[in-house]
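Below is one structure, written out as structure tokens; comments come after it.
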Amino acid sequence: MIHKYKLNGFNIVLDVNSGGVHIVDDATYDMLSYIEPPLSDEIPQDVLKALSALYSEEELRDAYHEILTLYHEDVLFSSDDYEKFADMMVSAPIKSMCLHVAHDCNLRCKYCFASTGDFGEGRKLLDAETGKKAIDFLLKHSKGRRNLELDFFGGEPLMNMPVIKEVVEYARSKEAAYNKKFRFTVTTNGILLNDEITDYLNREMYNIVLSIDGRKEVNDKMRPGINGKGSYDVILPKFKDLVAKRQEGQYYVRGTFTKYNLDFAQDVLHLHDAGFDQISVEPVVTDPKNDYALTEQDLPRIFAEYETLAKALIERKKKGNGFNFFHFMIDLDQGPCAIKRLRGCGCGNEYVAVTPDGDIYPCHQFVGMEEFKMGSVLDDTLNTAMKDEFARANVYTKEECKNCWAKFYCSGGCNANNFQYAGDIHKPVKLSCDMEKKRLECAIMMKAALAVGEEVTE
Amino acid sequence: MKHIKTLNSANLKKSAAKGGCGECQASCQSACKTSCTVANQKCEK
């Protein structure tokens, strides 16, 4: 399978199964519309005939020869050899946990999927004892995995700093005996950051996700406090301070765009201009009935905006003033292995969420859906049948994914979104797929633009 | 090549043979929490 497209002056051909990315001239691009494997040693007469008005015979024969060379090298029209691995997808150790330390929040973001922090289950904080049980659960169920990930999540996790500290200390005390390495991360709205907490997070957290949507008016419209006032002026200086003091650890400023800011490239660039160089601004995931929801009608505008952003980013990178935009980050050579790409996020299988009550769900997005409660860290129970079902979910069990060119880049999409908006974890949501594919096209084009050193075309 | 420039080593198939160690980061633990993007994760090997 190949996927070919034109973007920003480049003719791009992705060979899906090898991961090969080829930049081709017009003759080759047009010819690929007429060719299907298996390829013959000579250019088919009907191909010559079809393109003879546009290109010389010599040019066409030459281009075909190059196509044939790549075909024999198995980097063009390469075969799909992965389904056998998909058949072997079985339950894996649990090595990654989203720990909900606070089902409460000090903001009232209008698009919050957690019902402004409490996930519809009432406002509460995790106690240290339950947090330690979650660590025990992870130590036990991670089996032979060494790298363990624990994300402090909410609601707003900093509302429960003492428990974060106690859980971190407890987990660290177990690392040597269990031969594990904990990587802690936190996702915060920043309201409660102060010097002491900033230093602590910078010291202990492998990655810090700082929530801010971009321009002041955009952020404040959707991210007000309990008093209704916008949060931008409070959080921006705190985020700048944290990032300035942060040395080697990862961070992202992370925003959400909605129908209200379809010009979201301006928000991304605003965050860069404010001094951040690790940026993620992502489409809102919500019920289509909400007035801020993204819909099919918005797609042309969103696609154009991703292109605008990609071009701006290329320009800034060429001037030595680049930044990372999370959804455009792609490593064409050293990315995740094909096995990882078959089933993506691992939710419900190697990744789970734990609530302040100690309940286990497949991931944070399933929290509050009673039918997806899969156990408890308090009594070490786990619904292994449900875990097996999530373990089997991969790009070959999802009919629409199987034949999609993007399957090894998005890995089947978000199972929670699939369930919430398409009714089945195996059914991808078209709106999300369309945006994902556009982002991938932009990301690959950027690689071409930066590799070839071509000028950006308008 | 005159007509085609290949940008990468196209090694996805090779990665399957040595892959699947499970030590790399769960994608949702990086930045997103709402949208799955796997291809930007790093291999731990």
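By convention here, the chains of the structure tokens are called A, B, ... in the order presented, each chain's residues are numbered starting at 1, and ligands are numbered starting at 1 in the order presented.
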For this session: Using only C-alpha atoms, find which residues of chain A lie within 6 Å of chain B and jot them down as number ranges by chain.
Result: A: 18-25, 63, 147, 329-330, 335-339, 344-345, 409-410, 413-414
Exercise. Near stretch 212-221 of chain A, counting only C-alpha atoms, which residues have an atom at most 6 Å away, once you skip same-chain residues fewer than 6 positions from it, shown as a PyMOL selection string?
Worked result: chain A and resi 230-232+254-256+267+271
Would you mind exporting N, CA and C atoms of the selected residues as a PDB file, in the first residue's frame?
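Resulting contents of out-v3.pdb:
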ATOM      1  N   GLY A 230     -10.664  34.749  33.960  1.00  0.00           N
ATOM      2  CA  GLY A 230      -9.711  33.975  33.160  1.00  0.00           C
ATOM      3  C   GLY A 230      -8.451  33.617  33.938  1.00  0.00           C
ATOM      4  N   SER A 231      -7.758  32.557  33.496  1.00  0.00           N
ATOM      5  CA  SER A 231      -6.597  32.055  34.229  1.00  0.00           C
ATOM      6  C   SER A 231      -5.268  32.491  33.627  1.00  0.00           C
ATOM      7  N   TYR A 232      -5.286  33.063  32.436  1.00  0.00           N
ATOM      8  CA  TYR A 232      -4.051  33.333  31.676  1.00  0.00           C
ATOM      9  C   TYR A 232      -3.032  34.140  32.488  1.00  0.00           C
ATOM     10  N   ARG A 254       0.495  22.802  26.897  1.00  0.00           N
ATOM     11  CA  ARG A 254      -0.479  21.974  26.198  1.00  0.00           C
ATOM     12  C   ARG A 254      -1.838  22.660  26.190  1.00  0.00           C
ATOM     13  N   GLY A 255      -2.328  22.923  25.008  1.00  0.00           N
ATOM     14  CA  GLY A 255      -3.619  23.582  24.898  1.00  0.00           C
ATOM     15  C   GLY A 255      -4.627  22.750  24.129  1.00  0.00           C
ATOM     16  N   THR A 256      -5.833  23.234  24.143  1.00  0.00           N
ATOM     17  CA  THR A 256      -6.927  22.594  23.413  1.00  0.00           C
ATOM     18  C   THR A 256      -7.504  23.636  22.474  1.00  0.00           C
ATOM     19  N   ASP A 267      -2.378  30.518  18.143  1.00  0.00           N
ATOM     20  CA  ASP A 267      -2.170  30.184  19.555  1.00  0.00           C
ATOM     21  C   ASP A 267      -0.857  29.442  19.760  1.00  0.00           C
ATOM     22  N   LEU A 271       2.328  30.880  21.889  1.00  0.00           N
ATOM     23  CA  LEU A 271       3.033  30.172  22.965  1.00  0.00           C
ATOM     24  C   LEU A 271       4.540  30.145  22.689  1.00  0.00           C
TER      25      LEU A 271
END
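Between atom CA of A:Glu156 and atom CA of A:Val268 there is a distance of 23.1 Å.
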For this session: Determine which residues of stretch 212-413 of chain A receive a DSSP assignment of helix (DSSP H, G or I), computed from the backbone, and state them as number ranges by chain.
Result: A: 216-222, 232-245, 259-261, 265-273, 296-318, 326-328, 338-343, 364-366, 370-372, 384-392, 399-402, 407-410
